[in-house]
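> A single structure is presented below for examination.
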Amino acid sequence: MKAMIMVFGLGLAITQVNAQKVNARDVPANVKSSLEKNYSVKDADWDKEGTNYEASFEQNGIETSVVFDGAGSILETEREIKKNELPTAILDVLKKDYADFEIEEAARIETKGVITYETEVEKGRMSLDLIFEASGKLIKKDIVKEKD
């Protein structure tokens with residue numbers, strides 16, 4: 001079951017790479033209604049990821065994104081967090097295995113009740129996206145960019 005949830009989460013992450021901007025008027029009413037009901041947000045930037053919709057918005061100064069299926073059910077939420085809000089186990093791994101890297105961004109992701117954490121770290125021209133379990137176990141590592 002845990003492996004299945006992780007595969008689903010990674011699938012969502014891969015789908016996000018193929019996201020396309022959409023106008024709010026092209027988002028189904030039930031999806032927009034779910035956003036308003038669950039987050040009291042009426043204005044968001046929308047992307048379409050396959051058959052799913054991602055709303056990106058700022059709420060109380062926190063960058064947030066929520067992925068909905070076409071029926072308006074929430075599939076995933078991602079909220080920006082401060083670096084020091086990462087679990088200690090993750091900070092320990094970053095200090096040990098990525099000591100030369102600077103933490104640029106951090107986020108808490110919830111997918112079907114499973115919590116993971118994403119960090120973007122940079123060292124010189126290299127930028128990596130790292131996804132961890134709260135225990136500090138690295139789940140996924142992607143090279144985001146190498147600067148010229």
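Chain lettering (A, B, ...) mirrors the order of the structure tokens, residue numbering begins at 1 for each chain separately, and ligand numbering begins at 1 in order of display.
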Taking a cut-off of 10 Å and counting only C-alpha atoms, can you build a table that, for each residue of range 108-137 of chain A near range 52-71 of chain A, reports the nearest atom pair and how far apart they are in Å (one decimal), sorted by chain then residue number, as CSV?

residue,atom,partner,partner_atom,distance
A:Arg108,CA,A:Thr64,CA,9.7
A:Ile109,CA,A:Ser65,CA,9.5
A:Glu110,CA,A:Val66,CA,9.6
A:Thr111,CA,A:Val67,CA,9.5
> Tell me, which residues of chain A carry DSSP helix (DSSP H, G or I), written as a PyMOL selection string?
chain A and resi 2-17+24-26+29-39+83-85+88-97
> Using Å and a single decimal, report how far CA of Val41 in chain A sits from CA of Glu118 in chain A.
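Interatomic distance, CA of Glu118 in chain A to CA of Val41 in chain A: 23.9 Å.
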> With distances taken over only C-alpha atoms, which of A:Asp129, A:Ala134, A:Thr77, A:Glu122 is nearest to Tyr39 in chain A?
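Ranking A:Asp129, A:Ala134, A:Thr77, A:Glu122 by distance to Tyr39 in chain A, first place goes to A:Thr77.
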> Determine the nearest neighbour of Val27 in chain A from the options A:Pro87, A:Gly72, A:Gly136, A:Gly124, counting only C-alpha atoms.
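Among the listed residues, A:Gly72 lies closest to Val27 in chain A.
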> For Asp92 in chain A, list every protein, DNA or RNA residue within 12 Å, evaluated using only C-alpha atoms, and leave out those in the same chain fewer than 6 positions away; present the list as a ChimeraX atom specification.
/A:84,86,98-99,132,134-138
> Check the smallest atom-to-atom distance from each of A:Glu104, A:Asp26, A:Glu133, A:Asp142 to Ala89 in chain A using only C-alpha atoms, then report the winner.
A:Glu133
> Using only C-alpha atoms, pick whichever of A:Ile115, A:Leu94, A:Trp46, A:Leu75 has the shortest atom-to-atom distance to Leu128 in chain A.
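Smallest separation from Leu128 in chain A among the options: A:Leu94.
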> With only C-alpha atoms as the basis for distance, which of A:Glu80, A:Ile90, A:Lys123, A:Ala24 is at the shortest distance from Ala106 in chain A?
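Using only C-alpha atoms, the shortest distance to Ala106 in chain A belongs to A:Glu80.
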> Figure out the distance between CA of Lys145 in chain A and CA of Ala19 in chain A, please, to one decimal in Å.
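Between these atoms lies a distance of 17.9 Å.
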> Give the answer as one residue: which of A:Leu35, A:Ala44, A:Ile74, A:Ala29 has the shortest atom-to-atom distance to Gly113 in chain A, using only C-alpha atoms?
A:Ile74
